[in-house]
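Okay, work-v5.txt now, which holds compact mmCIF, C-alpha atoms:
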# COMPACT_ATOMS: atom_id res chain seq x y z
CA MET A 1 139.91 150.93 89.26
CA TRP A 2 138.93 148.08 91.55
CA ASN A 3 140.94 144.90 91.66
CA MET A 4 139.44 141.42 91.97
CA SER A 5 140.00 141.27 95.76
CA GLN A 6 138.11 144.53 96.32
CA LEU A 7 135.24 143.36 94.11
CA LEU A 8 134.98 140.08 96.05
CA GLN A 9 134.98 141.95 99.37
CA ALA A 10 132.29 144.35 98.11
CA ALA A 11 130.18 141.41 96.88
CA ALA A 12 130.60 139.57 100.19
CA LEU A 13 129.57 142.68 102.12
CA TRP A 14 126.54 143.17 99.87
CA ILE A 15 125.45 139.54 100.36
CA TYR A 16 126.06 139.78 104.13
CA LEU A 17 123.89 142.89 104.42
CA LEU A 18 121.06 141.90 102.08
CA LEU A 19 120.79 138.14 102.45
CA PRO A 20 119.04 138.12 105.87
CA SER A 21 116.27 140.39 104.63
CA LEU A 22 115.81 138.24 101.51
CA LEU A 23 115.76 134.91 103.36
CA CYS A 24 113.98 135.76 106.59
CA ALA A 25 111.13 137.92 105.41
CA ASN A 26 110.60 138.95 109.01
CA MET A 27 107.24 140.33 109.99
CA ARG A 28 106.76 144.07 110.00
CA CYS A 29 104.72 145.70 112.73
CA TYR A 30 103.91 149.18 113.89
CA TYR A 31 105.81 150.55 116.88
CA SER A 32 104.85 153.28 119.30
CA PRO A 33 106.24 153.99 122.75
CA ILE A 34 103.99 153.85 125.80
CA LEU A 35 101.51 156.67 125.25
CA GLU A 36 98.80 158.20 127.39
CA LYS A 37 95.29 157.80 125.97
CA GLY A 38 94.57 160.50 123.41
CA GLU A 39 98.26 161.30 122.89
CA LYS A 40 99.14 161.39 119.19
CA PHE A 41 102.19 159.65 117.70
CA ASN A 42 103.05 158.78 114.10
CA LEU A 43 103.44 155.03 114.07
CA ILE A 44 106.84 153.70 113.01
CA VAL A 45 107.21 150.54 110.93
CA SER A 46 109.61 148.14 112.60
CA GLU A 47 110.92 144.77 111.49
CA CYS A 48 110.57 142.01 114.05
CA ARG A 49 113.14 139.33 114.76
CA PRO A 50 112.30 135.88 113.32
CA ASP A 51 110.82 134.64 116.63
CA GLU A 52 108.61 137.70 117.19
CA ILE A 53 105.10 138.76 116.20
CA CYS A 54 103.14 142.02 116.49
CA PHE A 55 101.51 143.11 119.72
CA LYS A 56 99.31 145.87 121.03
CA ALA A 57 99.15 146.60 124.73
CA GLU A 58 96.65 148.49 126.82
CA GLY A 59 97.41 150.00 130.18
CA ARG A 60 94.51 150.30 132.60
CA TYR A 61 94.20 152.30 135.78
CA GLY A 62 91.23 150.79 137.59
CA ASN A 63 88.43 150.58 135.02
CA TYR A 64 89.92 153.24 132.75
CA SER A 65 92.00 152.59 129.67
CA ALA A 66 94.88 155.02 130.12
CA LEU A 67 97.90 153.83 128.10
CA SER A 68 98.68 152.19 124.77
CA PHE A 69 101.82 150.59 123.41
CA ARG A 70 102.64 148.52 120.31
CA GLY A 71 105.54 146.79 118.62
CA CYS A 72 107.15 143.33 118.33
CA MET A 73 107.46 140.68 121.04
CA ALA A 74 108.25 137.01 121.46
CA LYS A 75 105.25 134.69 121.08
CA LYS A 76 105.69 133.44 124.65
CA GLY A 77 105.03 136.97 125.99
CA CYS A 78 101.62 137.21 124.33
CA SER A 79 98.41 137.31 126.36
CA ARG A 80 100.28 138.24 129.50
CA VAL A 81 99.35 140.86 132.06
CA HIS A 82 101.74 142.68 134.33
CA LYS A 83 101.96 145.83 136.45
CA ILE A 84 104.01 148.86 135.43
CA ARG A 85 104.65 152.03 137.41
CA ILE A 86 104.83 155.31 135.50
CA ARG A 87 105.23 158.63 137.33
CA GLY A 88 104.09 157.02 140.57
CA THR A 89 100.90 155.50 139.15
CA LEU A 90 100.51 151.72 138.91
CA TYR A 91 98.95 150.50 135.63
CA THR A 92 97.93 147.01 134.56
CA MET A 93 99.32 146.28 131.09
CA SER A 94 97.54 143.66 128.97
CA TYR A 95 99.15 142.38 125.76
CA GLY A 96 97.40 140.98 122.71
CA CYS A 97 99.30 139.56 119.75
CA CYS A 98 98.58 138.96 116.10
CA ASP A 99 100.61 137.18 113.46
CA SER A 100 100.13 139.04 110.20
CA PRO A 101 102.06 142.07 108.95
CA TYR A 102 100.92 145.44 110.32
CA CYS A 103 98.06 143.80 112.22
CA ASN A 104 98.62 146.03 115.28
CA SER A 105 97.66 149.18 113.40
CA CYS A 106 94.12 149.78 114.62
CA PRO A 107 92.56 149.80 118.07
CA GLY A 108 90.19 146.90 117.34
CA VAL A 109 90.21 143.34 118.55
CA PHE A 110 92.78 141.06 116.95
CA ALA A 111 91.20 138.55 114.61
CA LYS A 112 92.83 135.94 112.44
CA PRO A 113 92.17 136.12 108.67
CA LEU A 114 90.25 132.81 108.77
CA VAL A 115 87.84 134.19 111.40
CA ILE A 116 87.27 137.34 109.36
CA THR A 117 86.65 135.32 106.18
CA LEU A 118 84.19 132.96 107.89
CA THR A 119 82.33 135.90 109.43
CA LEU A 120 81.99 137.64 106.06
CA LEU A 121 80.83 134.42 104.39
CA THR A 122 78.23 133.84 107.12
CA VAL A 123 76.88 137.37 106.76
CA ALA A 124 76.76 136.99 102.96
CA VAL A 125 74.84 133.69 103.22
CA MET A 126 72.40 135.13 105.77
CA ALA A 127 71.83 138.22 103.59
CA GLY A 128 71.09 135.98 100.58
CA ILE A 129 74.05 137.23 98.56
CA LEU A 130 75.57 133.75 98.20

Written as structure tokens, that's how I'd like the structure from this file.
Amino acid sequence: MWNMSQLLQAAALWIYLLLPSLLCANMRCYYSPILEKGEKFNLIVSECRPDEICFKAEGRYGNYSALSFRGCMAKKGCSRVHKIRIRGTLYTMSYGCCDSPYCNSCPGVFAKPLVITLTLLTVAVMAGIL
């Protein structure tokens, strides 16, 4: 049987392990390592740190999109471009960020929910639905 000291230690450990996830509600994003275009990978859900948001990166070799990469990054790293060398080839990596959960799942352009809503409303008004 457990004594009071062991119960308090177990409760403290439980609070220590679960409290950050209850309070922070950190953003969840998809992660994939740097992949060559056309290479398949099952996306992994990752939890970002409190100061991070989702990103999707594209690696270009000249005019050709050759690499992709996604995960979490600090807001200050968004919209940056830098060079990366992989197997002797120099690629230009461009990063785009989004700030809603799982928003880096598809290959499309990142759009904020307000932009999407306004676009749908405009189309509905023009089509005579509203």

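Atom CA of Cys97 of chain A sits 7.8 Å away from atom CA of Lys75 of chain A.
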
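Proximity to Asn104 of chain A was assessed for A:Asn42, A:Ser32, A:Ser5, A:Asn63 counting only C-alpha atoms; the smallest distance is recorded for A:Ser32.
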
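With distances restricted to all atoms listed in the file, A:Tyr61 is the closest residue to Leu90 of chain A from A:Phe41, A:Tyr31, A:Phe55, A:Tyr61.
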
Atom CA of Thr92 of chain A to atom CA of Cys29 of chain A, distance in Å rounded to a single decimal: 22.9 Å

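If you look at atom CA of Ser105 of chain A and atom CA of Lys56 of chain A, they are 8.5 Å away from each other.
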
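Counting all atoms listed in the file and comparing A:Cys98, A:Lys83, A:Met27, A:Gly88, the residue that lies closest to Arg60 of chain A is A:Lys83.
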
How about completing segment 92-103 of chain A with all heavy atoms and giving it to me as a PDB file, keeping the file's coordinate frame?
ATOM      1  N   THR A  92      97.943 148.408 134.947  1.00  0.00           N
ATOM      2  CA  THR A  92      97.930 147.010 134.560  1.00  0.00           C
ATOM      3  C   THR A  92      98.014 146.950 133.048  1.00  0.00           C
ATOM      4  O   THR A  92      97.125 147.424 132.351  1.00  0.00           O
ATOM      5  CB  THR A  92      96.627 146.321 135.034  1.00  0.00           C
ATOM      6  OG1 THR A  92      96.530 146.455 136.443  1.00  0.00           O
ATOM      7  CG2 THR A  92      96.622 144.861 134.655  1.00  0.00           C
ATOM      8  N   MET A  93      99.110 146.385 132.538  1.00  0.00           N
ATOM      9  CA  MET A  93      99.320 146.280 131.090  1.00  0.00           C
ATOM     10  C   MET A  93      98.881 144.907 130.605  1.00  0.00           C
ATOM     11  O   MET A  93      99.327 143.892 131.129  1.00  0.00           O
ATOM     12  CB  MET A  93     100.793 146.497 130.738  1.00  0.00           C
ATOM     13  CG  MET A  93     101.326 147.887 131.036  1.00  0.00           C
ATOM     14  SD  MET A  93     100.575 149.202 130.066  1.00  0.00           S
ATOM     15  CE  MET A  93     101.315 148.923 128.475  1.00  0.00           C
ATOM     16  N   SER A  94      98.015 144.894 129.597  1.00  0.00           N
ATOM     17  CA  SER A  94      97.540 143.660 128.970  1.00  0.00           C
ATOM     18  C   SER A  94      98.043 143.645 127.534  1.00  0.00           C
ATOM     19  O   SER A  94      97.934 144.653 126.836  1.00  0.00           O
ATOM     20  CB  SER A  94      96.022 143.602 128.969  1.00  0.00           C
ATOM     21  OG  SER A  94      95.528 143.688 130.263  1.00  0.00           O
ATOM     22  N   TYR A  95      98.574 142.502 127.094  1.00  0.00           N
ATOM     23  CA  TYR A  95      99.150 142.380 125.760  1.00  0.00           C
ATOM     24  C   TYR A  95      98.329 141.433 124.914  1.00  0.00           C
ATOM     25  O   TYR A  95      97.962 140.358 125.358  1.00  0.00           O
ATOM     26  CB  TYR A  95     100.589 141.847 125.847  1.00  0.00           C
ATOM     27  CG  TYR A  95     101.524 142.793 126.550  1.00  0.00           C
ATOM     28  CD1 TYR A  95     101.592 142.826 127.931  1.00  0.00           C
ATOM     29  CD2 TYR A  95     102.324 143.659 125.828  1.00  0.00           C
ATOM     30  CE1 TYR A  95     102.439 143.703 128.583  1.00  0.00           C
ATOM     31  CE2 TYR A  95     103.183 144.540 126.476  1.00  0.00           C
ATOM     32  CZ  TYR A  95     103.227 144.552 127.848  1.00  0.00           C
ATOM     33  OH  TYR A  95     104.059 145.423 128.490  1.00  0.00           O
ATOM     34  N   GLY A  96      98.056 141.835 123.687  1.00  0.00           N
ATOM     35  CA  GLY A  96      97.400 140.980 122.710  1.00  0.00           C
ATOM     36  C   GLY A  96      98.272 140.913 121.478  1.00  0.00           C
ATOM     37  O   GLY A  96      98.826 141.926 121.053  1.00  0.00           O
ATOM     38  N   CYS A  97      98.416 139.740 120.900  1.00  0.00           N
ATOM     39  CA  CYS A  97      99.300 139.560 119.750  1.00  0.00           C
ATOM     40  C   CYS A  97      98.522 139.146 118.517  1.00  0.00           C
ATOM     41  O   CYS A  97      97.418 138.619 118.612  1.00  0.00           O
ATOM     42  CB  CYS A  97     100.356 138.503 120.062  1.00  0.00           C
ATOM     43  SG  CYS A  97     101.476 138.975 121.384  1.00  0.00           S
ATOM     44  N   CYS A  98      99.135 139.381 117.378  1.00  0.00           N
ATOM     45  CA  CYS A  98      98.580 138.960 116.100  1.00  0.00           C
ATOM     46  C   CYS A  98      99.753 138.576 115.206  1.00  0.00           C
ATOM     47  O   CYS A  98     100.867 139.043 115.412  1.00  0.00           O
ATOM     48  CB  CYS A  98      97.728 140.054 115.481  1.00  0.00           C
ATOM     49  SG  CYS A  98      98.534 141.662 115.335  1.00  0.00           S
ATOM     50  N   ASP A  99      99.500 137.725 114.229  1.00  0.00           N
ATOM     51  CA  ASP A  99     100.610 137.180 113.460  1.00  0.00           C
ATOM     52  C   ASP A  99     100.536 137.449 111.962  1.00  0.00           C
ATOM     53  O   ASP A  99     100.900 136.610 111.150  1.00  0.00           O
ATOM     54  CB  ASP A  99     100.757 135.684 113.719  1.00  0.00           C
ATOM     55  CG  ASP A  99      99.508 134.906 113.381  1.00  0.00           C
ATOM     56  OD1 ASP A  99      98.532 135.512 112.907  1.00  0.00           O
ATOM     57  OD2 ASP A  99      99.500 133.687 113.588  1.00  0.00           O
ATOM     58  N   SER A 100     100.065 138.637 111.599  1.00  0.00           N
ATOM     59  CA  SER A 100     100.130 139.040 110.200  1.00  0.00           C
ATOM     60  C   SER A 100     100.729 140.438 110.133  1.00  0.00           C
ATOM     61  O   SER A 100     100.621 141.202 111.096  1.00  0.00           O
ATOM     62  CB  SER A 100      98.739 138.997 109.549  1.00  0.00           C
ATOM     63  OG  SER A 100      97.852 139.843 110.230  1.00  0.00           O
ATOM     64  N   PRO A 101     101.381 140.777 109.037  1.00  0.00           N
ATOM     65  CA  PRO A 101     102.060 142.070 108.950  1.00  0.00           C
ATOM     66  C   PRO A 101     101.133 143.253 109.212  1.00  0.00           C
ATOM     67  O   PRO A 101     100.004 143.284 108.727  1.00  0.00           O
ATOM     68  CB  PRO A 101     102.590 142.100 107.510  1.00  0.00           C
ATOM     69  CG  PRO A 101     102.687 140.669 107.112  1.00  0.00           C
ATOM     70  CD  PRO A 101     101.558 139.975 107.833  1.00  0.00           C
ATOM     71  N   TYR A 102     101.611 144.181 109.999  1.00  0.00           N
ATOM     72  CA  TYR A 102     100.920 145.440 110.320  1.00  0.00           C
ATOM     73  C   TYR A 102      99.578 145.241 111.025  1.00  0.00           C
ATOM     74  O   TYR A 102      98.752 146.131 111.040  1.00  0.00           O
ATOM     75  CB  TYR A 102     100.714 146.282 109.056  1.00  0.00           C
ATOM     76  CG  TYR A 102     101.966 146.472 108.250  1.00  0.00           C
ATOM     77  CD1 TYR A 102     102.137 145.837 107.031  1.00  0.00           C
ATOM     78  CD2 TYR A 102     102.982 147.292 108.724  1.00  0.00           C
ATOM     79  CE1 TYR A 102     103.299 146.005 106.292  1.00  0.00           C
ATOM     80  CE2 TYR A 102     104.154 147.468 107.987  1.00  0.00           C
ATOM     81  CZ  TYR A 102     104.305 146.830 106.773  1.00  0.00           C
ATOM     82  OH  TYR A 102     105.444 147.002 106.050  1.00  0.00           O
ATOM     83  N   CYS A 103      99.367 144.095 111.619  1.00  0.00           N
ATOM     84  CA  CYS A 103      98.060 143.800 112.220  1.00  0.00           C
ATOM     85  C   CYS A 103      97.817 144.577 113.515  1.00  0.00           C
ATOM     86  O   CYS A 103      96.698 144.573 114.019  1.00  0.00           O
ATOM     87  CB  CYS A 103      97.920 142.300 112.479  1.00  0.00           C
ATOM     88  SG  CYS A 103      99.183 141.617 113.574  1.00  0.00           S
TER      89      CYS A 103
END
